[in-house]
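So this one's entry_28.cif, mmCIF, C-alpha atoms:
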```cif
data_model
#
loop_
_atom_site.label_atom_id
_atom_site.label_comp_id
_atom_site.auth_asym_id
_atom_site.auth_seq_id
_atom_site.Cartn_x
_atom_site.Cartn_y
_atom_site.Cartn_z
CA MET S 208 -58.86 -25.63 9.13
CA PRO S 209 -56.86 -23.10 11.15
CA ARG S 210 -55.53 -20.18 9.26
CA LEU S 211 -51.73 -20.01 8.96
CA PRO S 212 -50.11 -16.76 10.12
CA SER S 213 -48.80 -14.45 7.45
CA PRO S 214 -45.04 -14.71 7.00
CA ASP S 215 -42.90 -12.05 8.60
CA ARG S 216 -41.46 -10.40 5.49
CA SER S 217 -38.66 -8.82 7.53
CA MET S 218 -37.30 -12.34 8.12
CA ILE S 219 -37.32 -13.39 4.46
CA ILE S 220 -33.76 -13.78 3.17
CA LEU S 221 -33.54 -13.27 -0.55
CA PRO S 222 -31.13 -15.57 -2.34
CA SER S 223 -27.82 -14.11 -3.43
CA ARG S 224 -26.74 -14.38 -7.03
CA HIS S 225 -23.90 -16.50 -5.66
CA ASP S 226 -26.48 -19.12 -4.72
CA HIS S 227 -26.95 -19.63 -8.45
CA PHE S 228 -23.30 -20.12 -9.35
CA PRO S 229 -23.21 -22.95 -11.89
CA ALA S 230 -21.02 -25.22 -9.79
CA ALA S 231 -22.38 -28.33 -11.48
CA ASP S 232 -22.39 -26.92 -15.01
CA ILE S 233 -18.93 -28.02 -16.09
CA ASP S 234 -19.34 -26.88 -19.69
CA ARG S 235 -20.48 -23.39 -18.71
CA ARG S 236 -17.61 -22.98 -16.27
CA ALA S 237 -15.18 -24.12 -18.94
CA ARG S 238 -16.56 -21.50 -21.33
CA MET S 239 -16.14 -18.80 -18.67
CA ARG S 240 -12.53 -19.79 -18.03
CA ALA S 241 -11.78 -19.96 -21.74
CA ALA S 242 -13.24 -16.50 -22.36
CA ALA S 243 -11.21 -14.99 -19.50
CA ALA S 244 -8.04 -16.76 -20.64
CA ALA S 245 -8.51 -15.48 -24.19
CA LEU S 246 -8.82 -11.92 -22.88
CA VAL S 247 -5.69 -12.38 -20.75
CA ALA S 248 -3.80 -13.50 -23.85
CA ASP S 249 -5.06 -10.54 -25.89
CA TRP S 250 -4.09 -8.03 -23.20
CA ALA S 251 -0.67 -9.61 -22.71
CA ALA S 252 0.01 -9.40 -26.44
CA GLU S 253 -1.03 -5.73 -26.49
CA ASP S 254 1.01 -4.84 -23.40
CA GLN S 255 4.18 -6.59 -24.54
CA ALA S 256 4.08 -5.28 -28.11
CA PRO S 257 6.76 -2.67 -28.91
CA ASP S 258 4.17 0.09 -28.50
CA GLY S 259 2.49 -1.52 -25.47
CA VAL S 260 2.33 -0.20 -21.92
CA LEU S 261 4.36 -3.02 -20.39
CA ALA S 262 7.10 -2.64 -22.98
CA ALA S 263 7.19 1.09 -22.23
CA MET S 264 7.48 0.41 -18.50
CA ARG S 265 10.29 -2.10 -18.89
CA ALA S 266 12.22 0.39 -21.01
CA VAL S 267 12.36 2.87 -18.10
CA GLU S 268 12.71 0.54 -15.09
CA ARG S 269 16.21 1.86 -14.39
CA ALA S 270 15.82 5.35 -15.81
CA PRO S 271 15.98 8.47 -13.62
CA LEU S 272 12.62 9.04 -11.99
CA ASP S 273 11.66 12.19 -13.86
CA GLU S 274 12.60 10.61 -17.20
CA ALA S 275 10.48 7.55 -16.43
CA ILE S 276 7.46 9.70 -15.58
CA ALA S 277 7.87 11.77 -18.75
CA ALA S 278 8.19 8.68 -20.95
CA LEU S 279 5.03 7.09 -19.54
CA ALA S 280 2.93 10.26 -19.26
CA PRO S 281 1.03 9.57 -22.54
CA TRP S 282 -0.42 6.40 -21.00
CA VAL S 283 -1.80 8.49 -18.14
CA ALA S 284 -3.01 11.46 -20.19
CA ASP S 285 -4.87 9.53 -22.91
CA VAL S 286 -7.19 6.98 -21.31
CA GLY S 287 -8.76 5.69 -24.51
CA TRP S 288 -6.86 2.41 -24.15
CA LEU S 289 -8.15 2.05 -20.59
CA GLY S 290 -11.76 2.63 -21.59
CA ALA S 291 -11.46 -0.02 -24.30
CA ARG S 292 -10.01 -2.48 -21.79
CA LEU S 293 -12.75 -1.90 -19.24
CA ASN S 294 -15.38 -2.32 -21.96
CA GLN S 295 -13.87 -5.69 -22.84
CA ALA S 296 -14.12 -6.73 -19.20
CA LEU S 297 -17.76 -5.61 -19.12
CA ASP S 298 -18.43 -7.63 -22.27
CA LEU S 299 -17.25 -10.73 -20.41
CA LEU S 300 -19.73 -10.04 -17.63
CA ALA S 301 -22.51 -9.32 -20.10
CA ALA S 302 -21.93 -12.72 -21.71
CA ASP S 303 -21.99 -14.48 -18.33
CA CYS S 304 -22.33 -12.65 -15.02
CA PHE S 305 -20.23 -15.28 -13.23
CA THR S 306 -17.18 -14.81 -15.42
CA ARG S 307 -14.24 -13.32 -13.54
CA PRO S 308 -12.63 -10.52 -15.57
CA PRO S 309 -8.81 -10.74 -15.48
CA LEU S 310 -8.38 -7.53 -13.45
CA ARG S 311 -6.26 -7.42 -10.30
CA PRO S 312 -7.89 -5.56 -7.39
CA VAL S 313 -5.72 -3.61 -4.96
CA GLY S 314 -6.36 -1.58 -1.82
CA GLY S 315 -9.39 -1.74 0.44
CA ALA S 316 -12.94 -0.52 0.81
CA SER S 317 -12.02 3.10 1.59
CA PHE S 318 -9.53 3.50 -1.25
CA GLY S 319 -8.97 0.72 -3.76
CA GLY S 320 -8.84 0.01 -7.44
CA LEU S 321 -7.28 -2.08 -10.17
CA LEU S 322 -3.61 -2.68 -10.86
CA LEU S 323 -3.41 -2.27 -14.63
CA ALA S 324 0.29 -2.86 -15.28
CA GLU S 325 3.49 -3.32 -13.30
CA ALA S 326 7.17 -3.67 -14.15
CA GLY S 327 9.79 -3.47 -11.42
CA PRO S 328 9.29 -0.21 -9.50
CA VAL S 329 6.72 1.12 -12.01
CA ARG S 330 3.00 0.67 -11.37
CA LEU S 331 -0.09 1.97 -13.17
CA THR S 332 -3.25 1.82 -11.07
CA LEU S 333 -6.87 2.87 -11.52
CA LEU S 334 -7.96 4.14 -8.09
CA LEU S 335 -11.46 4.62 -6.71
CA ARG S 336 -12.38 6.63 -3.62
CA PRO S 337 -16.05 5.77 -2.97
CA PHE S 338 -18.41 8.54 -1.95
CA GLU S 339 -18.83 6.91 1.48
CA ALA S 340 -15.25 7.97 2.27
CA ALA S 341 -16.34 11.60 2.11
CA GLY S 342 -18.18 11.12 5.39
CA VAL S 343 -15.03 10.20 7.34
CA LYS S 344 -14.33 13.04 9.77
CA ASP S 345 -10.61 12.50 10.31
CA GLU S 346 -8.27 13.29 7.44
CA PRO S 347 -5.77 10.53 6.63
CA ALA S 348 -2.27 11.00 7.99
CA PRO S 349 0.06 12.54 5.41
CA LEU S 350 2.33 9.77 4.12
CA PHE S 351 5.53 10.45 2.18
CA VAL S 352 6.91 7.62 0.05
CA PRO S 353 10.18 7.95 -1.89
CA GLY S 354 9.52 8.17 -5.63
CA ARG S 355 7.46 10.07 -8.19
CA THR S 356 3.80 9.92 -9.18
CA LEU S 357 1.69 11.31 -11.99
CA THR S 358 -2.03 11.30 -11.24
CA HIS S 359 -4.83 11.99 -13.74
CA ILE S 360 -8.04 13.07 -11.99
CA LEU S 361 -10.73 11.38 -14.07
CA ALA S 362 -13.71 12.19 -11.83
CA PRO S 363 -13.15 14.46 -8.81
CA GLY S 364 -16.42 13.51 -7.12
CA GLY S 365 -16.71 16.96 -5.57
CA ALA S 366 -13.70 16.31 -3.32
CA MET S 367 -11.19 18.90 -2.18
CA ALA S 368 -7.43 18.31 -2.09
CA ARG S 369 -4.96 19.33 0.57
CA PHE S 370 -1.24 19.22 -0.21
CA HIS S 371 1.38 18.41 2.43
CA HIS S 372 5.10 19.15 2.21
CA VAL S 373 8.31 18.15 4.02
CA VAL S 374 11.93 19.11 3.44
CA VAL S 375 14.28 16.21 2.70
CA SER S 376 18.04 16.70 2.51
CA ALA S 377 20.42 14.88 0.20
CA ALA S 378 22.02 13.29 3.27
CA GLU S 379 18.66 11.91 4.41
CA GLU S 380 18.04 10.46 0.95
CA ALA S 381 21.46 8.79 1.17
CA GLY S 382 20.53 7.00 4.41
CA ALA S 383 21.15 9.53 7.20
CA PHE S 384 17.48 10.04 8.09
CA THR S 385 16.68 10.22 11.82
CA ALA S 386 13.41 10.98 13.55
CA VAL S 387 15.06 13.60 15.77
CA THR S 388 16.22 15.73 12.85
CA ALA S 389 13.24 15.07 10.54
CA SER S 390 11.61 18.13 9.04
CA PRO S 391 8.05 18.89 10.21
CA CYS S 392 5.18 18.61 7.77
CA THR S 393 3.53 21.78 6.50
CA THR S 394 0.02 21.70 5.08
CA GLY S 395 -1.56 23.96 2.50
CA ALA S 396 -5.12 25.18 2.15
CA LEU S 397 -7.89 23.09 0.64
CA ARG S 398 -8.54 23.51 -3.06
CA PRO S 399 -11.07 21.88 -5.38
CA LEU S 400 -10.02 19.11 -7.71
CA VAL S 401 -10.70 19.54 -11.41
CA ALA S 402 -11.62 16.76 -13.81
CA GLY S 403 -8.80 16.15 -16.25
CA GLU S 404 -6.02 17.78 -14.23
CA MET S 405 -2.65 16.03 -13.94
CA LEU S 406 -0.76 16.11 -10.64
CA ALA S 407 2.99 15.39 -10.81
CA LEU S 408 4.57 14.89 -7.38
CA ASP S 409 7.93 14.11 -5.83
CA THR S 410 6.28 11.93 -3.20
CA ALA S 411 9.28 11.90 -0.89
CA ARG S 412 8.54 15.59 -0.31
CA THR S 413 4.90 16.20 -1.31
CA CYS S 414 1.69 14.25 -0.90
CA PHE S 415 -2.01 15.03 -0.91
CA SER S 416 -5.11 14.02 0.98
CA PHE S 417 -8.77 14.31 0.01
CA VAL S 418 -11.59 15.89 1.97
CA GLY S 419 -15.34 15.78 1.40
CA GLY S 420 -17.07 14.99 -1.84
CA ASP S 421 -20.53 13.95 -2.98
CA ALA S 422 -19.75 11.18 -5.47
CA ASP S 423 -17.19 8.52 -6.29
CA MET S 424 -13.74 9.84 -7.11
CA LEU S 425 -11.74 8.14 -9.88
CA MET S 426 -8.11 8.67 -10.81
CA LEU S 427 -5.36 7.00 -12.82
CA GLU S 428 -2.02 6.94 -11.01
CA LEU S 429 1.43 6.22 -12.38
CA ALA S 430 3.95 5.56 -9.60
CA VAL S 431 7.70 5.03 -9.93
CA GLN S 432 9.08 3.94 -6.56
CA PRO S 433 12.47 2.21 -6.77
CA PRO S 434 14.23 0.94 -3.62
CA SER S 435 15.36 3.84 -1.45
CA ARG S 436 17.34 4.30 1.75
CA LEU S 437 14.86 6.99 2.73
CA PRO S 438 11.97 5.44 4.71
CA ASN S 439 8.26 6.03 4.38
CA ARG S 440 7.20 8.73 6.84
CA ALA S 441 3.73 9.34 8.27
CA TYR S 442 2.90 12.61 10.02
CA GLU S 443 0.16 13.88 12.31
CA ALA S 444 -2.02 16.06 10.12
CA ALA S 445 -2.87 18.62 12.81
CA SER S 446 0.53 19.14 14.43
CA GLY S 447 2.84 18.29 11.53
CA ARG S 448 4.89 16.05 13.81
CA LEU S 449 6.50 12.84 12.57
CA ALA S 450 4.36 9.94 13.79
CA HIS S 451 5.75 6.78 12.22
CA VAL S 452 8.59 5.50 10.06
CA SER S 453 8.53 2.29 8.02
CA ALA S 454 10.65 0.57 5.40
CA SER S 455 10.08 1.96 1.92
CA ARG S 456 11.36 -1.11 0.08
CA ARG S 457 8.46 -3.31 -0.97
CA ASP S 458 10.41 -6.51 -0.34
CA SER S 459 11.15 -5.36 3.22
CA SER S 460 7.48 -4.57 3.70
CA PHE S 461 6.41 -8.03 2.55
CA ARG S 462 8.96 -9.72 4.82
CA GLY S 463 7.76 -7.57 7.71
CA MET S 464 4.17 -8.72 7.18
CA ALA S 465 5.35 -12.33 7.08
CA LEU S 466 7.23 -11.90 10.37
CA THR S 467 4.13 -10.40 11.98
CA LEU S 468 2.14 -13.45 10.91
CA LEU S 469 4.81 -15.84 12.23
CA ARG S 470 4.90 -13.98 15.54
CA THR S 471 1.11 -14.09 15.81
CA LEU S 472 1.25 -17.84 15.24
CA GLY S 473 3.94 -18.21 17.91
CA ARG S 474 6.42 -19.79 15.50
CA THR S 475 9.59 -19.71 17.61
CA ASP S 476 11.12 -22.21 15.18
CA ALA S 477 11.20 -19.34 12.66
CA ALA S 478 13.48 -17.23 14.89
CA PRO S 479 16.36 -17.40 12.35
CA LEU S 480 14.15 -15.49 9.89
CA PHE S 481 13.61 -12.72 12.43
CA ALA S 482 17.34 -12.61 13.16
CA ALA S 483 18.20 -12.40 9.46
CA GLU S 484 15.81 -9.49 8.88
CA SER S 485 17.22 -7.69 11.92
CA GLU S 486 20.40 -7.31 9.83
CA SER S 487 18.61 -5.82 6.82
CA GLU S 488 20.10 -2.83 4.99
CA ASP S 489 16.96 -0.84 5.86
CA PHE S 490 17.09 0.53 9.42
CA ALA S 491 13.29 0.61 9.76
CA ALA S 492 13.08 -3.03 8.66
CA ARG S 493 15.83 -4.00 11.13
CA TRP S 494 14.04 -2.46 14.06
CA SER S 495 10.62 -3.78 13.03
CA ALA S 496 12.04 -7.32 12.86
CA MET S 497 13.64 -6.92 16.28
CA ARG S 498 10.39 -5.73 17.86
CA GLU S 499 8.61 -8.74 16.41
CA MET S 500 11.32 -11.08 17.71
CA VAL S 501 11.06 -9.59 21.22
CA ALA S 502 7.30 -10.13 21.10
CA LEU S 503 7.82 -13.69 19.85
CA ASP S 504 10.32 -14.73 22.54
CA PRO S 505 12.33 -12.28 24.67
CA ALA S 506 14.95 -14.89 25.53
CA ILE S 507 15.64 -15.66 21.87
CA ALA S 508 15.77 -11.95 21.05
CA GLN S 509 18.10 -10.89 23.87
CA PRO S 510 21.50 -11.73 22.30
CA HIS S 511 20.42 -10.10 19.05
CA LEU S 512 19.32 -7.01 20.98
CA VAL S 513 22.73 -6.86 22.66
CA ARG S 514 24.40 -6.91 19.25
CA MET S 515 22.03 -4.28 17.89
CA ALA S 516 22.47 -1.97 20.89
CA ALA S 517 26.24 -2.17 20.57
CA GLY S 518 26.81 -1.98 16.86
CA ASP S 519 23.81 -1.05 14.70
CA PRO S 520 24.85 1.64 12.20
CA HIS S 521 21.76 3.77 12.89
CA PRO S 522 21.88 5.81 16.14
CA GLU S 523 18.15 5.65 16.84
CA VAL S 524 18.07 1.89 16.37
CA ARG S 525 20.98 1.56 18.81
CA ARG S 526 19.14 3.69 21.37
CA ALA S 527 15.87 1.79 20.90
CA ALA S 528 17.67 -1.54 21.34
CA ALA S 529 19.43 -0.30 24.48
CA ALA S 530 16.12 0.97 25.90
CA THR S 531 14.53 -2.41 25.25
CA LEU S 532 17.42 -4.19 26.98
CA ALA S 533 16.83 -1.98 30.00
CA LEU S 534 13.25 -3.25 30.10
CA TYR S 535 14.57 -6.78 30.54
CA ALA S 536 16.06 -5.73 33.88
CA SER S 537 13.19 -3.54 35.08
CA HIS S 538 10.39 -5.82 33.85
CA SER S 539 11.90 -9.27 34.14
CA SER S 540 8.44 -10.81 34.49
CA MET S 541 7.15 -9.30 31.25
CA ASP S 542 6.25 -11.52 28.33
CA GLY S 543 7.19 -10.68 24.75
CA PRO S 544 4.10 -8.69 23.71
CA ALA S 545 4.28 -6.58 26.87
CA LEU S 546 7.93 -5.77 26.20
CA ALA S 547 7.11 -4.79 22.64
CA ARG S 548 4.29 -2.49 23.80
CA GLU S 549 6.48 -0.85 26.43
CA ASN S 550 9.21 0.10 23.99
CA SER S 551 8.40 3.32 22.15
CA ALA S 552 11.92 4.68 21.78
CA CYS S 553 12.00 4.45 18.00
CA PRO S 554 9.23 5.75 15.69
CA ALA S 555 9.85 2.87 13.29
#
```

Just give me the structure as C-alpha cells.
Amino acid sequence: MPRLPSPDRSMIILPSRHDHFPAADIDRRARMRAAAAALVADWAAEDQAPDGVLAAMRAVERAPLDEAIAALAPWVADVGWLGARLNQALDLLAADCFTRPPLRPVGGASFGGLLLAEAGPVRLTLLLRPFEAAGVKDEPAPLFVPGRTLTHILAPGGAMARFHHVVVSAAEEAGAFTAVTASPCTTGALRPLVAGEMLALDTARTCFSFVGGDADMLMLELAVQPPSRLPNRAYEAASGRLAHVSASRRDSSFRGMALTLLRTLGRTDAAPLFAAESESEDFAARWSAMREMVALDPAIAQPHLVRMAAGDPHPEVRRAAAATLALYASHSSMDGPALARENSACPA
C-alpha cells in the first residue's frame, strides 16, 4: 500500500473559538442573554441612583464647563467603581466565554476603549492605546475640540506626552472664527507620563499627543463638550499651520457622515437633505454639505451654490462657494467628484 505524504502543517487551519458558538443550543444562549440583561439592570440601577454616575452627569448637563468637571472629578480620581464593574464583566465571560458583556466599544484599533456613561454633552470613557501604536512614526495631528476634559492616566505604558496650544479669542468662540485669522499651533517639549496623574484641559486651546511607549496605555477620560460655534481644528504638527476645520457639534457630524454615505450611493433623490444641511447654523457643516452636494450632482447643487456665494454669513464660505461656481465655467465637462476635488478654497 503506498505511503501517504505527511500533511503540510503550514496549511493546517486551526478552528476559531467562533466555530464552536452554540448556535443550536437555545437554552445556553438564553442563559447568556439573561445573565447579560441582569447585569445591565444592575448597572442601570447603580448609575441612576441618587449617588450614581449617571445621576451626577445629568445634574451638570447645563452647568458651566469648569463646574461640571469639578463635580464629576471624584468619578475620575477614584476608579474603585470601575474595577468592580470590569470584574463583573469578566465574571460573565468566566461563566460562559460566548457571553457578550454589556460594554459599549468606541474608537478604533489604534486608540479605542469603552464608553462607560453618557448624558448629553458629558461622556466618561475608558481609553486604551495599544503598545503597537508606539511604533507609528508620524505623530497624530493636534486636534482642538471645544470643551473641557479631565484625564486620569491609569497606566502610562512608557509613553511620552507632547502638549499643543492655540490662542482662541472670545469673538472666535462666539462664531467669528476664520481660517485666515486662526492662531498657529505651538508645541511643547516631550515629557514622560506618570501613573496616577490627572490632566485637566481646556480642549479648545490645549490638547496632547502621545509618542513612543513599550506597553499598553490606559486612561480614564471625562469629557464635557456642549454644542459650540467654534469648530474643531486640526493642525500640522511640524509647521503649526491650520490644516482642517470641521463641525464641532456631534449632531452635525452625524448628519455629515450620513450625507457622505448618500453621496457615495448616488442618491440624488436625497438632494433636499443636502440642501437643508447647507443652511445649518454651523459654517463648517454648511460647507461640508455643499461639497457633498456638488459631488453628488453639480446641476442640483448650482442654485444652492449661487445662494451661498451671495449670502452666506461666513466670509470664507462665501469665497469657497464663489470659487466653486467659477469651476463650473472653467471646467464645464467636470463631473461632481472632480469638482469637489478641485475646490480647496475653504479648509472645512

Exercise. What is the CA of Leu468 in chain S-CA of Ala492 in chain S distance in Å, reported with one decimal?
Worked result: 15.3 Å

Problem set entry | Distance of CA of Arg462 in chain S from CA of Leu449 in chain S, expressed in Å to one decimal place |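 CA of Arg462 in chain S lies 24.0 Å from CA of Leu449 in chain S.
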
Proximity of range 433-545 of chain S to range 338-360 of chain S: per-residue shortest pair, 7 Å limit, only C-alpha atoms, as a Markdown table:
```
| residue | atom | partner | partner_atom | distance |
| --- | --- | --- | --- | --- |
| S:Pro433 | CA | S:Gly354 | CA | 6.7 |
| S:Ser435 | CA | S:Pro353 | CA | 6.6 |
| S:Leu437 | CA | S:Pro353 | CA | 6.6 |
| S:Asn439 | CA | S:Val352 | CA | 4.8 |
| S:Arg440 | CA | S:Phe351 | CA | 5.2 |
| S:Ala441 | CA | S:Leu350 | CA | 4.4 |
| S:Tyr442 | CA | S:Pro349 | CA | 5.4 |
| S:Glu443 | CA | S:Ala348 | CA | 5.7 |
| S:Ala444 | CA | S:Ala348 | CA | 5.5 |
| S:Ser455 | CA | S:Val352 | CA | 6.8 |
```

Problem set entry | Distance query 8 Å from (13.9, -12.5, 18.7) using only C-alpha atoms, result as a ChimeraX atom specification | /S:478,481-482,497-509,511

For this session: Compile the contact shell of Gly364 in chain S as an MDAnalysis selection string: residues with an atom at most 10 Å away, counting only C-alpha atoms, same-chain residues fewer than 5 positions apart removed.
Result: chainID S and resid 336:338 341 400:402 419:425

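Shell of Gln295 in chain S at 12 Å, with all atoms listed in the file counted and residues fewer than 4 places along the chain excluded, is Ala242, Ala243, Ala245, Leu246, Val247, Asp249, Trp250, Trp288, Leu289, Gly290, Ala291, Leu299, Leu300, Ala301, Ala302, Pro308, Pro309 and Leu310 of chain S.
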
Exercise. Any idea what the distance is between CA of Gly403 in chain S and CA of Pro257 in chain S?
Worked result: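 We find that CA of Gly403 in chain S and CA of Pro257 in chain S lie 27.5 Å from each other.
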
Edge lengths and centre, in Å to one decimal, as lines of an AutoDock Vina configuration file: that's what I need for the box along x, y and z that holds all listed atoms of range 310-318 of chain S plus 3 Å on each side.
```
center_x = -9.3
center_y = -2.0
center_z = -5.9
size_x = 13.2
size_y = 17.0
size_z = 21.0
```

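Here the question is which of S:Asp273, S:Arg307, S:Glu404, S:Asp489 gets nearest to Arg457 in chain S using only C-alpha atoms, and that residue is S:Asp489.
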
For this session: Could you check which of S:Asp298, S:Val329, S:Val452, S:Gly395 is closest to Pro271 in chain S, using all atoms listed in the file?
Result: S:Val329

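Residue nearest Leu279 in chain S within the list S:Met239, S:Leu333, S:Val260, S:Ala326: S:Val260 [criterion: smallest interatomic distance, all atoms listed in the file].
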
For this session: Evaluate the PyMOL selection byres ((chain S and resi 483-487) around 12) and record the selected residues as a VMD selection string, following the chain and residue labels used in the document.
Result: chain S and resid 436 454 456 458 to 466 477 to 482 488 to 501 508 510 to 512 514 to 516 518 to 521 524 528

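Taking all atoms listed in the file into account, Arg265 in chain S lies nearest to S:Ala324 out of the set S:Leu429, S:Ala324, S:Ala389, S:Leu293.
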
For this session: For Arg398 in chain S, list every protein, DNA or RNA residue within 12 Å, evaluated using all atoms listed in the file, and leave out those in the same chain fewer than 4 positions away; present the list as number ranges by chain.
Result: S: 363, 365-370, 394, 415-419

For this session: Find, counting all atoms listed in the file, the residue in S:His372, S:Ala529, S:Ala280, S:Gly287 that gets nearest to Ala396 in chain S.
Result: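 Checking each candidate against Ala396 in chain S, we get S:His372 as the closest.
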